[in-house]
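Q: My structure is in structure-v1.txt, and what it holds is compact mmCIF, C-alpha atoms and all ligand atoms:
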# COMPACT_ATOMS: atom_id res chain seq x y z
CA MET B 412 13.20 -28.85 -10.59
CA LYS B 413 15.02 -32.15 -11.01
CA ASN B 414 18.80 -32.31 -11.32
CA VAL B 415 20.68 -33.34 -14.44
CA LEU B 416 24.40 -34.03 -14.59
CA SER B 417 26.58 -34.99 -17.48
CA GLY B 418 30.28 -34.96 -18.25
CA ILE B 419 32.54 -34.87 -21.26
CA GLN B 420 36.24 -35.61 -21.46
CA PRO B 421 38.50 -32.85 -22.75
CA THR B 422 40.20 -34.86 -25.48
CA GLY B 423 40.96 -33.24 -28.83
CA ASP B 424 38.36 -31.78 -31.15
CA LEU B 425 34.61 -31.68 -30.78
CA HIS B 426 32.93 -33.25 -33.82
CA ILE B 427 29.41 -33.14 -35.23
CA GLY B 428 28.74 -36.60 -33.75
CA ASN B 429 29.40 -35.17 -30.27
CA TYR B 430 27.17 -32.22 -31.08
CA PHE B 431 24.15 -34.15 -32.36
CA GLY B 432 24.68 -37.01 -29.90
CA ALA B 433 25.29 -35.02 -26.74
CA VAL B 434 25.95 -31.29 -26.64
CA GLN B 435 22.79 -30.18 -28.47
CA ASN B 436 20.80 -32.22 -26.01
CA TRP B 437 22.54 -30.56 -23.04
CA VAL B 438 21.59 -27.15 -24.40
CA ARG B 439 17.94 -28.23 -24.63
CA LEU B 440 17.86 -29.74 -21.14
CA GLN B 441 18.96 -26.45 -19.56
CA SER B 442 15.49 -24.97 -19.74
CA GLU B 443 13.79 -27.91 -18.03
CA TYR B 444 16.24 -29.06 -15.38
CA ASN B 445 18.71 -27.84 -12.84
CA CYS B 446 21.79 -28.74 -14.89
CA PHE B 447 25.40 -29.50 -14.02
CA PHE B 448 27.73 -29.97 -16.97
CA CYS B 449 31.26 -31.01 -16.24
CA VAL B 450 34.49 -31.06 -18.24
CA VAL B 451 36.01 -34.16 -16.68
CA ASP B 452 39.75 -33.48 -16.70
CA TYR B 453 40.48 -35.95 -13.86
CA HIS B 454 39.02 -38.66 -16.10
CA SER B 455 41.38 -37.69 -18.90
CA MET B 456 44.35 -38.52 -16.68
CA THR B 457 43.40 -42.21 -16.78
CA MET B 458 45.03 -42.73 -20.19
CA PRO B 459 48.60 -41.65 -21.04
CA TYR B 460 48.55 -37.87 -21.52
CA ASN B 461 50.61 -34.71 -21.75
CA PRO B 462 50.03 -32.12 -18.97
CA GLU B 463 50.29 -29.03 -21.19
CA LYS B 464 47.92 -30.60 -23.70
CA LEU B 465 45.43 -31.55 -20.99
CA ARG B 466 45.23 -27.97 -19.74
CA GLU B 467 44.85 -26.66 -23.29
CA ASN B 468 42.17 -29.25 -24.12
CA THR B 469 40.26 -28.48 -20.94
CA TRP B 470 40.04 -24.78 -21.79
CA ASN B 471 39.21 -25.57 -25.41
CA MET B 472 36.31 -27.78 -24.35
CA VAL B 473 35.00 -25.00 -22.08
CA PHE B 474 35.08 -22.54 -25.00
CA TRP B 475 33.47 -24.97 -27.44
CA LEU B 476 30.65 -25.92 -25.10
CA THR B 477 29.99 -22.27 -24.34
CA ALA B 478 29.95 -21.45 -28.08
CA CYS B 479 27.38 -24.23 -28.55
CA GLY B 480 25.06 -22.56 -26.05
CA VAL B 481 25.84 -24.31 -22.78
CA ASN B 482 25.20 -21.66 -20.14
CA PRO B 483 28.50 -20.95 -18.34
CA GLU B 484 26.61 -20.90 -15.04
CA HIS B 485 25.92 -24.61 -15.46
CA LEU B 486 29.38 -25.47 -16.70
CA PHE B 487 32.37 -26.34 -14.55
CA VAL B 488 35.70 -28.09 -14.61
CA GLN B 489 35.85 -31.26 -12.54
CA SER B 490 39.28 -30.66 -10.96
CA LEU B 491 38.24 -27.14 -9.88
CA VAL B 492 35.90 -29.01 -7.54
CA PRO B 493 38.44 -31.31 -5.87
CA GLU B 494 35.67 -32.81 -3.71
CA HIS B 495 35.04 -35.12 -6.69
CA ALA B 496 38.30 -36.91 -5.90
CA GLU B 497 37.43 -37.11 -2.22
CA LEU B 498 33.97 -38.53 -2.84
CA ALA B 499 35.46 -41.00 -5.33
CA TRP B 500 37.71 -42.28 -2.53
CA VAL B 501 34.80 -42.80 -0.17
CA LEU B 502 32.81 -44.55 -2.92
CA ASN B 503 35.82 -46.73 -3.80
CA CYS B 504 35.39 -48.19 -0.34
CA MET B 505 31.70 -48.93 -0.96
CA VAL B 506 31.98 -50.86 -4.21
CA PRO B 507 32.87 -54.54 -4.47
CA TYR B 508 36.09 -55.09 -6.41
CA GLY B 509 34.49 -57.82 -8.52
CA GLU B 510 31.82 -55.49 -9.83
CA VAL B 511 34.40 -53.06 -11.16
CA THR B 512 36.29 -55.89 -12.90
CA ARG B 513 33.19 -56.47 -15.04
CA MET B 514 33.30 -53.00 -16.62
CA THR B 515 33.81 -53.48 -20.34
CA GLN B 516 35.23 -50.01 -20.98
CA PHE B 517 38.29 -50.90 -18.88
CA LYS B 518 38.84 -54.01 -21.00
CA ASP B 519 38.34 -52.05 -24.24
CA LYS B 520 40.72 -49.28 -23.29
CA THR B 521 43.33 -51.72 -21.96
CA ASP B 522 43.15 -53.67 -25.25
CA GLN B 523 43.50 -50.40 -27.13
CA LEU B 524 46.70 -49.59 -25.22
CA HIS B 525 48.09 -53.10 -25.61
CA GLU B 526 47.40 -53.10 -29.35
CA LYS B 527 49.82 -50.20 -29.70
CA ASP B 528 52.36 -51.60 -27.25
CA LYS B 529 52.13 -54.95 -25.53
CA ASP B 530 53.96 -53.60 -22.47
CA ALA B 531 51.82 -50.44 -22.28
CA PHE B 532 51.29 -48.83 -18.90
CA VAL B 533 47.75 -49.30 -17.58
CA SER B 534 46.92 -47.18 -14.55
CA LEU B 535 44.83 -48.04 -11.53
CA GLY B 536 43.00 -44.79 -12.33
CA LEU B 537 41.67 -46.36 -15.52
CA PHE B 538 40.32 -49.25 -13.48
CA THR B 539 38.57 -47.04 -10.96
CA TYR B 540 37.38 -44.54 -13.63
CA PRO B 541 33.69 -45.53 -13.26
CA VAL B 542 33.80 -44.88 -9.51
CA LEU B 543 34.96 -41.32 -10.17
CA GLN B 544 32.08 -41.04 -12.64
CA ALA B 545 29.69 -42.22 -9.92
CA ALA B 546 31.11 -39.49 -7.66
CA ASP B 547 30.41 -36.86 -10.35
CA ILE B 548 26.80 -38.00 -10.55
CA LEU B 549 26.01 -38.64 -6.88
CA MET B 550 27.72 -35.43 -5.72
CA TYR B 551 24.84 -33.32 -7.06
CA HIS B 552 22.04 -35.81 -6.35
CA ALA B 553 21.38 -36.06 -10.08
CA HIS B 554 18.01 -37.55 -11.00
CA TYR B 555 18.92 -37.88 -14.66
CA VAL B 556 22.17 -38.42 -16.52
CA PRO B 557 22.08 -37.86 -20.29
CA VAL B 558 24.58 -40.28 -21.83
CA GLY B 559 25.11 -42.49 -24.85
CA LYS B 560 24.33 -46.20 -24.71
CA ASP B 561 28.05 -46.92 -24.28
CA GLN B 562 27.76 -45.51 -20.73
CA GLU B 563 24.88 -47.76 -19.66
CA GLN B 564 27.09 -50.05 -17.60
CA HIS B 565 28.74 -47.14 -15.78
CA LEU B 566 25.31 -45.73 -14.95
CA GLU B 567 24.21 -49.06 -13.54
CA LEU B 568 27.33 -49.10 -11.37
CA SER B 569 26.55 -45.58 -10.11
CA ARG B 570 23.07 -46.75 -9.14
CA ASN B 571 24.48 -49.77 -7.32
CA ILE B 572 27.00 -47.63 -5.46
CA ALA B 573 24.27 -45.21 -4.35
CA GLN B 574 22.10 -48.10 -3.16
CA ARG B 575 24.98 -49.76 -1.31
CA PHE B 576 25.96 -46.52 0.44
CA ASN B 577 22.34 -45.91 1.43
CA SER B 578 21.77 -49.43 2.75
CA GLN B 579 25.18 -49.72 4.44
CA PHE B 580 24.52 -46.58 6.47
CA GLY B 581 20.77 -47.06 6.80
CA LYS B 582 19.93 -43.71 5.28
CA GLU B 583 18.27 -42.76 2.00
CA TYR B 584 21.01 -40.24 1.32
CA PHE B 585 21.99 -40.52 -2.32
CA GLN B 586 19.52 -40.06 -5.14
CA ILE B 587 19.44 -43.17 -7.37
CA PRO B 588 20.27 -41.70 -10.80
CA GLU B 589 18.48 -42.67 -14.01
CA PRO B 590 20.14 -42.60 -17.41
CA LEU B 591 18.53 -40.37 -20.00
CA PHE B 592 19.03 -42.14 -23.32
CA THR B 593 17.56 -39.58 -25.63
CA ASP B 594 16.70 -40.32 -29.17
CA THR B 595 19.87 -38.87 -30.61
CA PRO B 596 21.30 -40.03 -33.91
CA LYS B 597 24.46 -42.05 -34.20
CA ILE B 598 26.59 -40.27 -36.76
CA LEU B 599 28.90 -42.40 -38.89
CA SER B 600 32.34 -41.68 -40.31
CA PRO B 601 32.14 -40.05 -43.77
CA ALA B 602 35.28 -41.93 -44.79
CA ASP B 603 34.07 -45.31 -43.54
CA PRO B 604 30.32 -45.34 -42.89
CA ASN B 605 30.54 -48.78 -41.34
CA ARG B 606 32.10 -47.14 -38.29
CA LYS B 607 30.93 -44.53 -35.81
CA MET B 608 32.27 -41.01 -36.30
CA SER B 609 35.11 -40.82 -33.81
CA LYS B 610 38.25 -38.82 -33.10
CA SER B 611 40.26 -41.92 -32.37
CA LEU B 612 39.87 -43.21 -35.96
CA GLY B 613 41.82 -40.23 -37.37
CA GLU B 614 41.10 -36.86 -38.95
CA LYS B 615 39.28 -37.98 -42.08
CA HIS B 616 36.78 -39.91 -39.97
CA TYR B 617 35.25 -36.94 -38.21
CA ILE B 618 33.87 -33.54 -39.13
CA ASN B 619 35.13 -30.89 -36.75
CA LEU B 620 32.26 -28.88 -35.29
CA PHE B 621 34.33 -25.73 -35.70
CA GLY B 622 35.92 -26.76 -39.00
CA GLU B 623 36.67 -24.43 -41.92
CA GLU B 624 33.85 -24.29 -44.47
CA ASP B 625 36.10 -25.53 -47.31
CA ARG B 626 37.19 -28.57 -45.38
CA VAL B 627 33.64 -29.45 -44.31
CA ARG B 628 32.46 -29.22 -47.94
CA LYS B 629 35.39 -31.33 -49.14
CA GLN B 630 34.74 -33.98 -46.52
CA ILE B 631 31.08 -34.27 -47.50
CA LYS B 632 31.93 -34.24 -51.20
CA SER B 633 34.26 -37.18 -50.75
CA ALA B 634 31.99 -39.03 -48.30
CA VAL B 635 31.73 -42.73 -49.17
CA THR B 636 28.26 -43.52 -50.54
CA ASP B 637 28.76 -47.01 -51.86
CA THR B 638 30.51 -49.38 -49.51
CA GLY B 639 30.12 -52.30 -51.89
CA ASP B 640 28.51 -54.54 -49.29
CA THR B 641 24.94 -53.24 -49.42
CA PRO B 642 22.31 -55.88 -50.28
CA ALA B 643 20.30 -55.06 -53.43
CA GLY B 644 17.32 -52.82 -52.74
CA GLU B 645 18.70 -51.47 -49.46
CA MET B 646 20.08 -48.03 -48.80
CA SER B 647 23.83 -48.06 -48.17
CA THR B 648 25.01 -46.92 -44.74
CA GLY B 649 26.88 -44.01 -46.34
CA VAL B 650 23.75 -42.64 -48.02
CA ALA B 651 21.66 -43.27 -44.91
CA ASN B 652 24.23 -41.30 -42.90
CA LEU B 653 23.90 -38.32 -45.26
CA PHE B 654 20.12 -38.40 -44.88
CA GLU B 655 20.56 -38.66 -41.12
CA LEU B 656 22.74 -35.54 -41.17
CA LEU B 657 20.06 -33.60 -43.03
CA ARG B 658 17.52 -34.68 -40.45
CA ALA B 659 19.88 -33.77 -37.60
CA CYS B 660 20.33 -30.30 -39.13
CA ASN B 661 16.55 -29.90 -39.24
CA SER B 662 16.50 -29.66 -43.03
CA MET B 663 13.40 -31.81 -43.17
CA GLU B 664 11.87 -30.38 -46.33
CA LEU B 665 15.00 -31.02 -48.36
CA HIS B 666 15.37 -34.38 -46.65
CA ASP B 667 11.89 -35.45 -47.79
CA THR B 668 12.27 -34.16 -51.35
CA LEU B 669 15.60 -35.92 -51.78
CA MET B 670 14.20 -39.07 -50.18
CA ASP B 671 11.39 -39.07 -52.76
CA ASP B 672 14.05 -38.80 -55.48
CA TYR B 673 15.91 -41.69 -53.90
CA LYS B 674 12.78 -43.84 -53.88
CA ALA B 675 12.07 -42.91 -57.49
CA GLY B 676 15.62 -43.88 -58.38
CA THR B 677 16.45 -40.38 -59.63
CA LEU B 678 18.58 -39.12 -56.77
CA LYS B 679 21.96 -37.70 -57.70
CA TYR B 680 24.38 -38.21 -54.83
CA SER B 681 26.04 -34.92 -55.74
CA ALA B 682 22.75 -33.12 -54.98
CA LEU B 683 22.37 -34.94 -51.67
CA LYS B 684 25.95 -34.08 -50.72
CA GLU B 685 25.50 -30.44 -51.63
CA ALA B 686 22.38 -30.25 -49.47
CA VAL B 687 24.20 -31.85 -46.53
CA ALA B 688 27.23 -29.60 -46.94
CA ASP B 689 24.98 -26.50 -47.02
CA ALA B 690 23.08 -27.65 -43.94
CA LEU B 691 26.28 -28.35 -41.99
CA VAL B 692 27.87 -25.06 -42.98
CA GLY B 693 24.65 -23.34 -41.89
CA LEU B 694 25.05 -24.97 -38.49
CA ILE B 695 28.81 -24.56 -38.16
CA ASN B 696 29.31 -20.98 -39.33
CA PRO B 697 27.29 -19.33 -36.54
CA LEU B 698 29.07 -21.55 -34.01
CA ARG B 699 32.42 -20.45 -35.41
CA GLU B 700 31.35 -16.82 -35.14
CA ARG B 701 30.29 -17.30 -31.55
CA LEU B 702 33.61 -18.99 -30.79
CA ALA B 703 35.52 -16.09 -32.36
CA GLU B 704 33.60 -13.68 -30.10
CA LEU B 705 34.47 -15.73 -27.03
CA ASN B 706 38.10 -16.00 -28.13
CA ALA B 707 38.28 -12.21 -28.39
CA ASP B 708 37.95 -12.05 -24.61
CA LYS B 709 39.42 -15.28 -23.34
CA ARG B 710 40.06 -13.90 -19.88
CA LYS B 711 36.37 -13.20 -19.42
CA VAL B 712 35.31 -16.77 -20.28
CA LYS B 713 38.02 -18.26 -18.08
CA ALA B 714 37.05 -16.03 -15.16
CA GLN B 715 33.40 -17.02 -15.64
CA ILE B 716 34.25 -20.72 -15.43
CA GLN B 717 36.43 -20.23 -12.36
CA GLU B 718 33.48 -18.40 -10.84
CA SER B 719 30.85 -21.01 -11.75
CA SER B 720 33.13 -23.83 -10.57
CA ALA B 721 33.59 -22.04 -7.24
CA GLU B 722 29.83 -21.59 -6.94
CA ILE B 723 29.10 -25.23 -7.82
CA ARG B 724 31.83 -26.26 -5.40
CA LYS B 725 29.68 -24.98 -2.53
CA THR B 726 27.11 -27.69 -3.33
CA ALA B 727 29.90 -30.28 -3.48
CA GLN B 728 31.26 -29.14 -0.14
CA GLN B 729 27.82 -29.49 1.41
CA THR B 730 27.58 -33.06 0.06
CA LEU B 731 31.00 -33.87 1.48
CA ARG B 732 30.12 -32.46 4.88
CA GLU B 733 27.13 -34.81 4.96
CA VAL B 734 29.01 -37.78 3.53
CA ARG B 735 31.87 -37.35 6.01
CA GLU B 736 29.37 -37.30 8.86
CA ILE B 737 27.49 -40.38 7.59
CA ALA B 738 30.67 -42.34 6.80
CA GLY B 739 32.33 -41.74 10.19
CA LEU B 740 34.99 -39.16 9.29
CA LEU B 741 35.72 -36.16 11.48
CA PRO B 742 34.18 -32.80 10.62
CA LEU B 743 36.48 -30.31 8.89
CA LYS B 744 37.25 -27.13 10.80
P1 LIG B 801 33.35 -39.33 -26.90
O1 LIG B 801 33.99 -38.33 -27.79
O2 LIG B 801 33.29 -40.70 -27.52
O3 LIG B 801 33.88 -39.32 -25.51
O4 LIG B 801 31.81 -38.92 -26.78
C1 LIG B 801 31.33 -37.76 -26.15
C2 LIG B 801 29.83 -37.71 -26.32
O5 LIG B 801 29.44 -37.63 -27.70
C3 LIG B 801 29.10 -38.97 -25.77
O6 LIG B 801 27.91 -38.57 -25.15
C4 LIG B 801 28.80 -39.79 -27.01
O7 LIG B 801 27.63 -40.57 -26.84
C5 LIG B 801 28.60 -38.72 -28.09
N1 LIG B 801 29.07 -39.24 -29.38
C6 LIG B 801 30.35 -39.55 -29.70
N2 LIG B 801 30.46 -39.98 -30.98
C7 LIG B 801 29.21 -39.94 -31.50
C8 LIG B 801 28.65 -40.25 -32.79
N3 LIG B 801 29.41 -40.68 -33.81
N4 LIG B 801 27.31 -40.09 -32.96
C9 LIG B 801 26.54 -39.64 -31.95
N5 LIG B 801 27.01 -39.31 -30.73
C10 LIG B 801 28.31 -39.47 -30.48
N1 LIG B 802 32.51 -41.51 -18.99
C1 LIG B 802 31.85 -40.49 -19.77
C2 LIG B 802 32.23 -40.64 -21.24
O1 LIG B 802 33.26 -41.20 -21.55
C3 LIG B 802 32.23 -39.10 -19.29
C4 LIG B 802 31.75 -38.83 -17.89
C5 LIG B 802 32.50 -38.65 -16.77
C6 LIG B 802 30.40 -38.70 -17.50
N2 LIG B 802 31.72 -38.40 -15.69
C7 LIG B 802 30.42 -38.43 -16.10
C8 LIG B 802 29.19 -38.79 -18.18
C9 LIG B 802 29.25 -38.26 -15.38
C10 LIG B 802 28.01 -38.61 -17.45
C11 LIG B 802 28.05 -38.35 -16.06
O2 LIG B 802 31.50 -40.17 -22.10
Rewrite the structure from the file as structure tokens, please.
Ligand code: AMP
Ligand code: TRP

A:
Amino acid sequence: MKNVLSGIQPTGDLHIGNYFGAVQNWVRLQSEYNCFFCVVDYHSMTMPYNPEKLRENTWNMVFWLTACGVNPEHLFVQSLVPEHAELAWVLNCMVPYGEVTRMTQFKDKTDQLHEKDKDAFVSLGLFTYPVLQAADILMYHAHYVPVGKDQEQHLELSRNIAQRFNSQFGKEYFQIPEPLFTDTPKILSPADPNRKMSKSLGEKHYINLFGEEDRVRKQIKSAVTDTGDTPAGEMSTGVANLFELLRACNSMELHDTLMDDYKAGTLKYSALKEAVADALVGLINPLRERLAELNADKRKVKAQIQESSAEIRKTAQQTLREVREIAGLLPLK
């Protein structure tokens, strides 16, 4: 069985864009691959953060992913496997500085910080973020890495680092990872369908995957359908997004009927919105129930993740033993 690794940062809520774009795919991959799914708390230290909040967010993400159907045996917390930081150091010494300066995410996030405050603190950790990501991936000899297109450049860097390590030490040690860009939908903000659904835009721009039914219905009811800039004869992005949500929820029959109405010019947006709201509530309610069950025995879930992280750590320790040997470090006692 081939290995799959992916990671998600523990920042704030999980929204339906994350679910349809990533988490649902993880759940599916579990039956076909040897999967490693990582809550990357070390990565979340690269932007200004609050320690209490980080710990809370890390546990929340563990609970949410588990409620979505990620098998706890495949799920671990990055910092519970501190070898990730050690491997990142070794890889830092294998990557040319210039290549890291070309990473656009660093520029984007730095701009984001400077927009808020021109003297904002920008850490070296943010700069070397993609090397830590390479460590996550190479640690488990991942063949495939399911990610969004925004991570393409980081994946390319991970491949380059693996190749450089292998050629520098004359050994085909690291697996060269391939991205797995699956055909997942890009969900747009209901409040501004010209932008991607995202936490960073603010609360009205995303639909919480574990949101209250009333709020989900309200958000869909007030979703923007006419953005005023749609050329005549074309479907507006807001309406297209609602159809996309129906498709994502597997409500294909309703999707097709309503699409016929749209083409015939008889579609009532209120009917489309009701269908989307029903479909989302049908998805979200069972997830909320599952989460409530997990929350009823928090200690059990936490113990499970400590256990799986310790188990996965054994693989990481094996990698580090080999890497230390190849790279000229002394063996640990
Ligand atoms: P982020 O919250 O941006 O760190 O994203 C976490 C994961 O969710 C990544 O794999 C993204 O590709 C995916 N994702 C985030 N926002 C969306 C969206 N609006 N539509 C589809 N996938 C998304
Ligand atoms: N950088 C990824 C993101 O922002 C998260 C991540 C960290 C990751 N390590 C990873 C993704 C390893 C895939 C593999 O979405």

Q: Please extract the residues at most 7 Å from ligand LIG 801 (chain B), counting only C-alpha atoms and all ligand atoms, and provide them as a ChimeraX atom specification, using the chain letters and residue numbers of this document.

A: /B:419-420,428-433,558-561,595-599,607-610

Q: Compute the set of protein, DNA and RNA residues whose minimum atom distance to ligand LIG 802 (chain B) is at most 10 Å, using all atoms listed in the file, and state it as a ChimeraX atom specification.

A: /B:415-421,429,433,447-455,489,516,540-549,553,555-563,565-566,569,588,590-591

Q: Just give me the gap between atom CA of Asn436 of chain B and atom CA of Cys479 of chain B in Å, one decimal is fine.

A: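 Those two atoms sit 10.7 Å apart.
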
Q: Rank B:Val511, B:Ala738, B:Leu535, B:Leu698 by their smallest atom-to-atom distance to Thr477 of chain B, using all atoms listed in the file, and report the top residue only.

A: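 Nearest candidate to Thr477 of chain B out of B:Val511, B:Ala738, B:Leu535, B:Leu698: B:Leu698.
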
Q: Quote the spacing between atom CA of Leu694 of chain B and atom CA of Arg626 of chain B in Å to one decimal place.

A: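 These atoms are spaced 14.4 Å apart.
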
Q: Leaving out Val692 of chain B and any residue of its chain fewer than 3 positions from it, which residues lie within 10 Å of it when counting all atoms listed in the file, given as a ChimeraX atom specification?

A: /B:620-625,627-628,660,686-689,695-699

Q: Do a neighbour search on Trp470 of chain B at 12 Å with all atoms listed in the file, toss out local chain neighbours closer than 4 positions, and write the hits as a count of residues only.

A: 29

Q: So which one's closest to Ser534 of chain B, B:Thr593, B:Thr457, B:Ser578, B:Ser611? Using only C-alpha atoms, please.

A: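 Of all the options, B:Thr457 lies closest to Ser534 of chain B.
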